[in-house]
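Asker: Sending over a structure as structure tokens; questions will come in a sec.
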Amino acid sequence: MASPRTSAFRRVARSAANFVDLQWTLIIAALEGVAPLARGRLLDVGSGDKPYLEIFAPFVDEYIGVEHEASFEQTSSAGHSRGPDVLYDGEHLPFDSGTFETVLCVQTLEHTPKPQVLVRELARVLRPDGRLLLMAPFSFRLHEEPHDYFRYSPHGLRVLCEEAGLEIERCEPLGSFWSVIGHKLNSYLAFRVARAGALAQSLEKLGHEATQRARPRYWLLPPVALTMASIAVAARALDRVASDPSESLGFMVIAHLRQR
């Protein structure tokens with residue numbers, strides 16, 4: 001059992017890691033904004049170790065996580081105590097139609113070779129009066145290889161949703177040009193320069209990646225961390241004053257079943 005001092009250090013380190021992770025902070029901010037829309041039974045598809053549970057728990061009656069069994073076993077999250085409640089075959093979600101008032105799917109669509117099949121399954125298990133909260137990347141590095149197949153524009157997400165019988169209420173970008181540049185710079189510094197992947201996983205980040213084996217370059221962590229923090233601050237500020245709507249790390253879709 002970790003000592004109080006160790007636990008406090010881990011919390012500070014995790015907060016610092018989250019701050020420089022521009023994609024993570026954008027995802028969390030977006031989910032916190034839409035969480036009040038969630039209700040009833042919530043299904044988190046591609047849940048990993050349920051990193052969004054605390055955001056949605058105050059608004060839903062039940063939070064169920066489901067993962068693709070074959071790919072999940074290859075990730076670092078597989079060893080965590082809080083994992084998915086259900087594993088499935090990657091084709092058909094093991095739930096009856098119209099079972100959930102809320103379906104959540106965050107940064108999972110790029111990891112299925114048959115995205116239309118998955119979106120149809122998301123729509124199938126959604127209640128007629130329910131909502132789908134879907135996030136997918138647009139500009140992001142290769143990750144969870146080899147199970148990394150696609151990137152999505154808002155127009156592609158709209159087509160996928162419409163073909164599944166879903167009507168989009170909102171489609172919002174996650175960041176803009178400077179967040180994209182900042183995130184790529186920080187990813188390079190963290191993973192290529194400081195080799196901090198294993199360190200990040202010790203803080204329960206990168207849960208959907210395979211377990212990182214490379215030893216961190218600890219002597220580079222202080223200058224790299226300072227540089228990454230400066231980049232994160234600058235990217236946030238520049239996104240506010242000089243945004244570019246054609247650039248984004250990803251998009252969030254809020255949708256419901258189309259009335260027949």
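Every chain in the structure tokens takes a letter, A first, then B, and so on in the order presented; its residues are numbered from 1, and the ligands are numbered from 1 following the presented order.
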Could you make a table, as CSV, of the residues of stretch 159-230 of chain A that have an atom within 12 Å of an atom of stretch 16-31 of chain A, each with its nearest atom pair and distance in Å to one decimal, counting only C-alpha atoms, in chain and number order?

Answerer:
residue,atom,partner,partner_atom,distance
A:Cys171,CA,A:Ala30,CA,11.4
A:Glu172,CA,A:Ala30,CA,8.9
A:Pro173,CA,A:Ala30,CA,9.4
A:Leu174,CA,A:Leu26,CA,5.9
A:Gly175,CA,A:Leu26,CA,6.7
A:Ser176,CA,A:Leu26,CA,10.4
A:Phe177,CA,A:Leu22,CA,11.9
A:Trp178,CA,A:Leu22,CA,10.1
A:Ser179,CA,A:Leu22,CA,6.5
A:Val180,CA,A:Leu22,CA,8.4
A:Ile181,CA,A:Leu22,CA,10.0
A:Gly182,CA,A:Leu22,CA,7.4
A:His183,CA,A:Leu22,CA,5.7
A:Lys184,CA,A:Leu22,CA,9.4
A:Leu185,CA,A:Val20,CA,10.5
A:Asn186,CA,A:Val20,CA,7.3
A:Ser187,CA,A:Asp21,CA,8.1
A:Tyr188,CA,A:Asp21,CA,11.7
A:Leu189,CA,A:Val20,CA,10.9
A:Ala190,CA,A:Val20,CA,9.8
A:Ala196,CA,A:Ala17,CA,10.4
A:Gly197,CA,A:Ala17,CA,11.2
A:Leu199,CA,A:Ala17,CA,10.0
A:Ala200,CA,A:Ala17,CA,7.5
A:Gln201,CA,A:Ala17,CA,10.7
A:Ser202,CA,A:Ala17,CA,11.4
A:Leu203,CA,A:Ala17,CA,8.5
A:Glu204,CA,A:Ala17,CA,10.4
A:Lys205,CA,A:Ala17,CA,8.6
A:Leu206,CA,A:Trp24,CA,10.3
A:Leu221,CA,A:Ala17,CA,11.7
A:Val224,CA,A:Val20,CA,10.8
A:Ala225,CA,A:Val20,CA,8.3
A:Leu226,CA,A:Val20,CA,9.6
A:Thr227,CA,A:Val20,CA,9.6
A:Met228,CA,A:Val20,CA,6.0
A:Ala229,CA,A:Val20,CA,5.5
A:Ser230,CA,A:Val20,CA,8.6

Asker: Set the distance at 6 Å and use only C-alpha atoms: which residues neighbour stretch 36-40 of chain A once local chain neighbours fewer than 3 positions away are removed? I'd like the list as a VMD selection string.

Answerer: chain A and resid 59 to 61 101 to 102

Asker: Just write the chosen residues, C-alpha atoms, as a PDB file, in the first residue's frame.

Answerer:
ATOM      1  CA  PHE A  59     -25.990  11.850 -13.701  1.00  0.00           C
ATOM      2  CA  VAL A  60     -26.651   8.163 -14.444  1.00  0.00           C
ATOM      3  CA  ASP A  61     -28.164   5.216 -12.587  1.00  0.00           C
ATOM      4  CA  GLU A 101     -30.483   5.727 -22.290  1.00  0.00           C
ATOM      5  CA  THR A 102     -26.897   6.891 -22.864  1.00  0.00           C
TER       6      THR A 102
END

Asker: Excluding A:His111 and any residue of its chain fewer than 2 positions from it, enumerate the residues within 10 Å of it, using only C-alpha atoms, and give them as a PyMOL selection string.

Answerer: chain A and resi 46+68+71+107-109+113-115+136+143-151

Asker: Would you write out those residues with C-alpha atoms, as a PDB file, in the first residue's frame?

Answerer:
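Saved file again_27.pdb follows:
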ATOM      1  CA  GLY A  46     -14.223   0.913 -25.390  1.00  0.00           C
ATOM      2  CA  HIS A  68     -13.259  -5.848 -27.324  1.00  0.00           C
ATOM      3  CA  SER A  71      -7.461  -6.090 -28.288  1.00  0.00           C
ATOM      4  CA  GLN A 107     -11.635   7.533 -29.038  1.00  0.00           C
ATOM      5  CA  THR A 108     -12.626   3.974 -29.925  1.00  0.00           C
ATOM      6  CA  LEU A 109     -14.009   4.254 -33.451  1.00  0.00           C
ATOM      7  CA  PRO A 113     -11.727  -2.148 -38.926  1.00  0.00           C
ATOM      8  CA  LYS A 114     -15.511  -2.032 -39.424  1.00  0.00           C
ATOM      9  CA  PRO A 115     -16.604   1.368 -38.078  1.00  0.00           C
ATOM     10  CA  ALA A 136     -13.192  10.242 -32.653  1.00  0.00           C
ATOM     11  CA  HIS A 143      -1.357   4.416 -31.286  1.00  0.00           C
ATOM     12  CA  GLU A 144      -2.541   1.020 -30.026  1.00  0.00           C
ATOM     13  CA  GLU A 145      -0.907  -0.511 -33.076  1.00  0.00           C
ATOM     14  CA  PRO A 146      -1.703  -2.490 -35.128  1.00  0.00           C
ATOM     15  CA  HIS A 147      -5.336  -1.775 -34.202  1.00  0.00           C
ATOM     16  CA  ASP A 148      -5.366   1.814 -35.470  1.00  0.00           C
ATOM     17  CA  TYR A 149      -7.291   2.066 -38.723  1.00  0.00           C
ATOM     18  CA  PHE A 150      -8.993   5.415 -39.393  1.00  0.00           C
ATOM     19  CA  ARG A 151      -9.252   9.156 -38.709  1.00  0.00           C
TER      20      ARG A 151
END

Asker: Could you find all residues in stretch 31-93 of chain A that DSSP calls helix (DSSP H, G or I) from the backbone, and write them as a VMD selection string?

Answerer: chain A and resid 31 to 37 53 to 59 69 to 72 76 to 79

Asker: Please produce an output containing N, CA, C and O atoms for each residue in the selection, written as a compact mmCIF listing (two decimals), in the first residue's frame.

Answerer:
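So the final result, stored in again20.txt, reads:
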# COMPACT_ATOMS: atom_id res chain seq x y z
N LEU A 31 -16.33 16.37 -22.18
CA LEU A 31 -17.21 15.42 -21.50
C LEU A 31 -17.87 16.05 -20.28
O LEU A 31 -19.06 15.78 -20.01
N GLU A 32 -17.15 16.87 -19.54
CA GLU A 32 -17.76 17.55 -18.40
C GLU A 32 -18.89 18.48 -18.86
O GLU A 32 -19.88 18.65 -18.15
N GLY A 33 -18.74 19.05 -20.06
CA GLY A 33 -19.77 19.93 -20.58
C GLY A 33 -21.05 19.22 -20.98
O GLY A 33 -22.14 19.77 -20.86
N VAL A 34 -20.92 17.96 -21.46
CA VAL A 34 -22.10 17.22 -21.93
C VAL A 34 -22.61 16.21 -20.92
O VAL A 34 -23.67 15.61 -21.13
N ALA A 35 -21.88 15.99 -19.83
CA ALA A 35 -22.28 14.98 -18.85
C ALA A 35 -23.71 15.17 -18.33
O ALA A 35 -24.42 14.17 -18.11
N PRO A 36 -24.19 16.42 -18.13
CA PRO A 36 -25.57 16.57 -17.66
C PRO A 36 -26.62 16.04 -18.64
O PRO A 36 -27.78 15.86 -18.25
N LEU A 37 -26.24 15.79 -19.89
CA LEU A 37 -27.18 15.21 -20.85
C LEU A 37 -27.37 13.72 -20.62
O LEU A 37 -28.35 13.13 -21.09
N LEU A 53 -15.66 7.55 -15.54
CA LEU A 53 -16.72 7.14 -14.62
C LEU A 53 -17.12 8.27 -13.68
O LEU A 53 -18.32 8.53 -13.49
N GLU A 54 -16.14 8.93 -13.07
CA GLU A 54 -16.46 9.97 -12.08
C GLU A 54 -17.18 11.16 -12.71
O GLU A 54 -17.95 11.85 -12.04
N ILE A 55 -16.96 11.41 -13.99
CA ILE A 55 -17.63 12.53 -14.66
C ILE A 55 -19.12 12.25 -14.81
O ILE A 55 -19.95 13.15 -14.59
N PHE A 56 -19.47 11.02 -15.16
CA PHE A 56 -20.86 10.70 -15.48
C PHE A 56 -21.64 10.11 -14.32
O PHE A 56 -22.88 10.12 -14.34
N ALA A 57 -20.95 9.58 -13.31
CA ALA A 57 -21.63 8.90 -12.21
C ALA A 57 -22.72 9.74 -11.55
O ALA A 57 -23.78 9.19 -11.19
N PRO A 58 -22.56 11.06 -11.36
CA PRO A 58 -23.63 11.83 -10.71
C PRO A 58 -24.92 11.94 -11.53
O PRO A 58 -25.96 12.31 -10.99
N PHE A 59 -24.84 11.61 -12.83
CA PHE A 59 -25.99 11.85 -13.70
C PHE A 59 -26.69 10.57 -14.17
O PHE A 59 -27.77 10.65 -14.77
N GLU A 69 -12.56 -7.99 -26.44
CA GLU A 69 -11.73 -8.87 -25.63
C GLU A 69 -10.32 -9.03 -26.18
O GLU A 69 -9.32 -8.90 -25.46
N ALA A 70 -10.18 -9.30 -27.48
CA ALA A 70 -8.87 -9.62 -28.05
C ALA A 70 -7.91 -8.44 -27.96
O ALA A 70 -6.75 -8.60 -27.57
N SER A 71 -8.37 -7.25 -28.30
CA SER A 71 -7.46 -6.09 -28.29
C SER A 71 -7.23 -5.58 -26.87
O SER A 71 -6.13 -5.11 -26.55
N PHE A 72 -8.22 -5.68 -26.00
CA PHE A 72 -8.06 -5.17 -24.63
C PHE A 72 -6.99 -5.95 -23.88
O PHE A 72 -6.23 -5.36 -23.09
N SER A 76 -2.18 -1.99 -21.50
CA SER A 76 -1.74 -1.90 -20.11
C SER A 76 -2.92 -1.84 -19.14
O SER A 76 -2.79 -2.17 -17.96
N SER A 77 -4.09 -1.42 -19.61
CA SER A 77 -5.28 -1.35 -18.75
C SER A 77 -5.74 -2.73 -18.31
O SER A 77 -6.47 -2.86 -17.33
N ALA A 78 -5.34 -3.75 -19.04
CA ALA A 78 -5.80 -5.11 -18.72
C ALA A 78 -5.37 -5.54 -17.32
O ALA A 78 -6.01 -6.39 -16.71
N GLY A 79 -4.32 -4.93 -16.79
CA GLY A 79 -3.86 -5.29 -15.46
C GLY A 79 -4.41 -4.43 -14.35
O GLY A 79 -4.08 -4.63 -13.18

Asker: Would you work out the distance separating atom CA of A:Val125 from atom CA of A:Pro94, expressed in Å to one decimal?

Answerer: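 Pair atom CA of A:Val125 / atom CA of A:Pro94 returns 9.3 Å.
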
Asker: Can you pull out the residues contacting A:Glu163? Cut-off 12 Å, using only C-alpha atoms, and skip same-chain residues under 4 positions away; I want them as a PyMOL selection string.

Answerer: chain A and resi 115-121+123+156-159+167-168+257-258

Asker: Which residues come within 7 Å of A:Leu43, counting only C-alpha atoms, excluding same-chain residues fewer than 4 positions away, as a ChimeraX atom specification?

Answerer: /A:63-65,100,102-104

Asker: For atom CA of A:Arg10 and atom CA of A:Ala210, determine how far apart the two atoms are, in Å to one decimal place.

Answerer: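 Rounded to one decimal, the two atoms are 21.3 Å apart.
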
Asker: What does the distance from atom CA of A:Arg192 to atom CA of A:Leu220 come to in Å, to one decimal?

Answerer: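 Computing the Euclidean distance for atom CA of A:Arg192 and atom CA of A:Leu220 yields 11.3 Å.
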
Asker: Taking the backbone alone, and naming residues the way the document does, which bits of stretch 60-240 of chain A are strand (DSSP E or B) by DSSP, as a VMD selection string?

Answerer: chain A and resid 62 to 68 86 to 88 100 to 106 126 to 137 166 to 174

Asker: Next, dump the selected residues to file, keeping only N, CA, C and O atoms, as a compact mmCIF listing (two decimals), in the first residue's frame.

Answerer:
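Generated file (result.txt):
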# COMPACT_ATOMS: atom_id res chain seq x y z
N GLU A 62 -26.60 3.77 -13.73
CA GLU A 62 -25.67 2.63 -13.84
C GLU A 62 -24.67 2.93 -14.95
O GLU A 62 -25.02 3.50 -15.99
N TYR A 63 -23.40 2.57 -14.71
CA TYR A 63 -22.32 2.82 -15.67
C TYR A 63 -21.69 1.47 -15.99
O TYR A 63 -21.09 0.82 -15.14
N ILE A 64 -21.85 1.03 -17.24
CA ILE A 64 -21.35 -0.28 -17.67
C ILE A 64 -20.29 -0.08 -18.74
O ILE A 64 -20.52 0.61 -19.74
N GLY A 65 -19.13 -0.68 -18.53
CA GLY A 65 -18.05 -0.60 -19.50
C GLY A 65 -17.92 -1.89 -20.29
O GLY A 65 -18.01 -2.99 -19.72
N VAL A 66 -17.71 -1.78 -21.60
CA VAL A 66 -17.55 -2.96 -22.45
C VAL A 66 -16.31 -2.75 -23.32
O VAL A 66 -16.03 -1.64 -23.77
N GLU A 67 -15.57 -3.84 -23.54
CA GLU A 67 -14.35 -3.80 -24.33
C GLU A 67 -14.28 -4.99 -25.27
O GLU A 67 -14.83 -6.06 -25.01
N HIS A 68 -13.57 -4.77 -26.39
CA HIS A 68 -13.26 -5.85 -27.32
C HIS A 68 -12.21 -6.74 -26.67
O HIS A 68 -11.10 -6.31 -26.38
N VAL A 86 -17.85 -5.97 -19.11
CA VAL A 86 -18.21 -6.99 -20.11
C VAL A 86 -17.16 -6.96 -21.22
O VAL A 86 -16.70 -5.88 -21.61
N LEU A 87 -16.80 -8.14 -21.71
CA LEU A 87 -15.95 -8.26 -22.89
C LEU A 87 -16.78 -8.82 -24.04
O LEU A 87 -17.68 -9.63 -23.82
N TYR A 88 -16.48 -8.37 -25.27
CA TYR A 88 -17.26 -8.88 -26.42
C TYR A 88 -16.34 -9.17 -27.58
O TYR A 88 -15.12 -8.92 -27.53
N PHE A 100 -30.07 1.04 -23.39
CA PHE A 100 -29.39 2.12 -22.69
C PHE A 100 -29.92 3.50 -23.08
O PHE A 100 -30.14 3.79 -24.25
N GLU A 101 -30.09 4.34 -22.04
CA GLU A 101 -30.48 5.73 -22.29
C GLU A 101 -29.31 6.57 -22.80
O GLU A 101 -29.51 7.57 -23.48
N THR A 102 -28.09 6.16 -22.45
CA THR A 102 -26.90 6.89 -22.86
C THR A 102 -25.85 5.89 -23.35
O THR A 102 -25.59 4.89 -22.68
N VAL A 103 -25.28 6.16 -24.50
CA VAL A 103 -24.16 5.36 -25.01
C VAL A 103 -22.98 6.29 -25.23
O VAL A 103 -23.10 7.31 -25.92
N LEU A 104 -21.87 5.94 -24.62
CA LEU A 104 -20.64 6.74 -24.68
C LEU A 104 -19.58 5.96 -25.44
O LEU A 104 -19.36 4.77 -25.17
N CYS A 105 -18.91 6.62 -26.37
CA CYS A 105 -17.85 5.96 -27.15
C CYS A 105 -16.77 7.00 -27.41
O CYS A 105 -16.94 7.88 -28.26
N VAL A 106 -15.66 6.91 -26.67
CA VAL A 106 -14.62 7.94 -26.71
C VAL A 106 -13.33 7.37 -27.28
O VAL A 106 -12.74 6.44 -26.71
N LEU A 126 -29.21 1.71 -28.20
CA LEU A 126 -29.69 2.98 -27.67
C LEU A 126 -31.21 2.99 -27.61
O LEU A 126 -31.89 2.55 -28.55
N ARG A 127 -31.76 3.50 -26.51
CA ARG A 127 -33.21 3.65 -26.41
C ARG A 127 -33.70 4.73 -27.38
O ARG A 127 -32.94 5.64 -27.74
N PRO A 128 -34.96 4.67 -27.80
CA PRO A 128 -35.48 5.67 -28.74
C PRO A 128 -35.34 7.11 -28.25
O PRO A 128 -35.20 8.03 -29.05
N ASP A 129 -35.38 7.30 -26.92
CA ASP A 129 -35.26 8.65 -26.37
C ASP A 129 -33.87 8.91 -25.79
O ASP A 129 -33.67 9.87 -25.04
N GLY A 130 -32.90 8.05 -26.14
CA GLY A 130 -31.56 8.17 -25.57
C GLY A 130 -30.63 9.02 -26.43
O GLY A 130 -31.00 9.53 -27.48
N ARG A 131 -29.39 9.15 -25.94
CA ARG A 131 -28.39 9.93 -26.66
C ARG A 131 -27.08 9.16 -26.80
O ARG A 131 -26.66 8.46 -25.88
N LEU A 132 -26.45 9.35 -27.95
CA LEU A 132 -25.11 8.85 -28.19
C LEU A 132 -24.12 10.00 -28.05
O LEU A 132 -24.30 11.07 -28.65
N LEU A 133 -23.07 9.80 -27.25
CA LEU A 133 -21.97 10.74 -27.10
C LEU A 133 -20.74 10.06 -27.70
O LEU A 133 -20.22 9.10 -27.13
N LEU A 134 -20.30 10.55 -28.85
CA LEU A 134 -19.27 9.88 -29.63
C LEU A 134 -18.11 10.84 -29.89
O LEU A 134 -18.32 11.97 -30.33
N MET A 135 -16.88 10.38 -29.61
CA MET A 135 -15.67 11.14 -29.92
C MET A 135 -14.76 10.30 -30.80
O MET A 135 -14.60 9.10 -30.56
N ALA A 136 -14.14 10.94 -31.79
CA ALA A 136 -13.19 10.24 -32.65
C ALA A 136 -12.09 11.21 -33.06
O ALA A 136 -12.33 12.41 -33.20
N PRO A 137 -10.86 10.71 -33.27
CA PRO A 137 -9.74 11.59 -33.61
C PRO A 137 -9.76 12.01 -35.08
O PRO A 137 -10.23 11.26 -35.95
N LEU A 166 -29.11 7.53 -37.08
CA LEU A 166 -28.90 8.53 -36.03
C LEU A 166 -28.95 9.93 -36.62
O LEU A 166 -28.49 10.18 -37.74
N GLU A 167 -29.48 10.84 -35.84
CA GLU A 167 -29.53 12.25 -36.23
C GLU A 167 -28.60 13.04 -35.30
O GLU A 167 -28.71 12.95 -34.07
N ILE A 168 -27.68 13.80 -35.89
CA ILE A 168 -26.70 14.55 -35.11
C ILE A 168 -27.32 15.85 -34.60
O ILE A 168 -27.87 16.63 -35.38
N GLU A 169 -27.21 16.08 -33.31
CA GLU A 169 -27.64 17.33 -32.71
C GLU A 169 -26.52 18.38 -32.76
O GLU A 169 -26.75 19.54 -33.06
N ARG A 170 -25.31 17.93 -32.41
CA ARG A 170 -24.15 18.81 -32.40
C ARG A 170 -22.91 18.03 -32.82
O ARG A 170 -22.81 16.84 -32.55
N CYS A 171 -21.99 18.73 -33.46
CA CYS A 171 -20.69 18.17 -33.79
C CYS A 171 -19.66 19.25 -33.49
O CYS A 171 -19.65 20.29 -34.15
N GLU A 172 -18.82 19.02 -32.48
CA GLU A 172 -17.93 20.06 -32.00
C GLU A 172 -16.47 19.62 -32.10
O GLU A 172 -16.14 18.46 -31.82
N PRO A 173 -15.58 20.55 -32.50
CA PRO A 173 -14.15 20.20 -32.58
C PRO A 173 -13.51 20.12 -31.20
O PRO A 173 -13.95 20.77 -30.25
N LEU A 174 -12.48 19.33 -31.09
CA LEU A 174 -11.67 19.25 -29.88
C LEU A 174 -10.37 20.00 -30.16
O LEU A 174 -9.42 19.46 -30.73

Asker: In terms of the shortest atom-to-atom distance over only C-alpha atoms, which of A:Ala232, A:Leu142, A:Gln212, A:Pro154 is closest to A:Ile254?

Answerer: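 For A:Ile254, the nearest of the candidates is A:Pro154.
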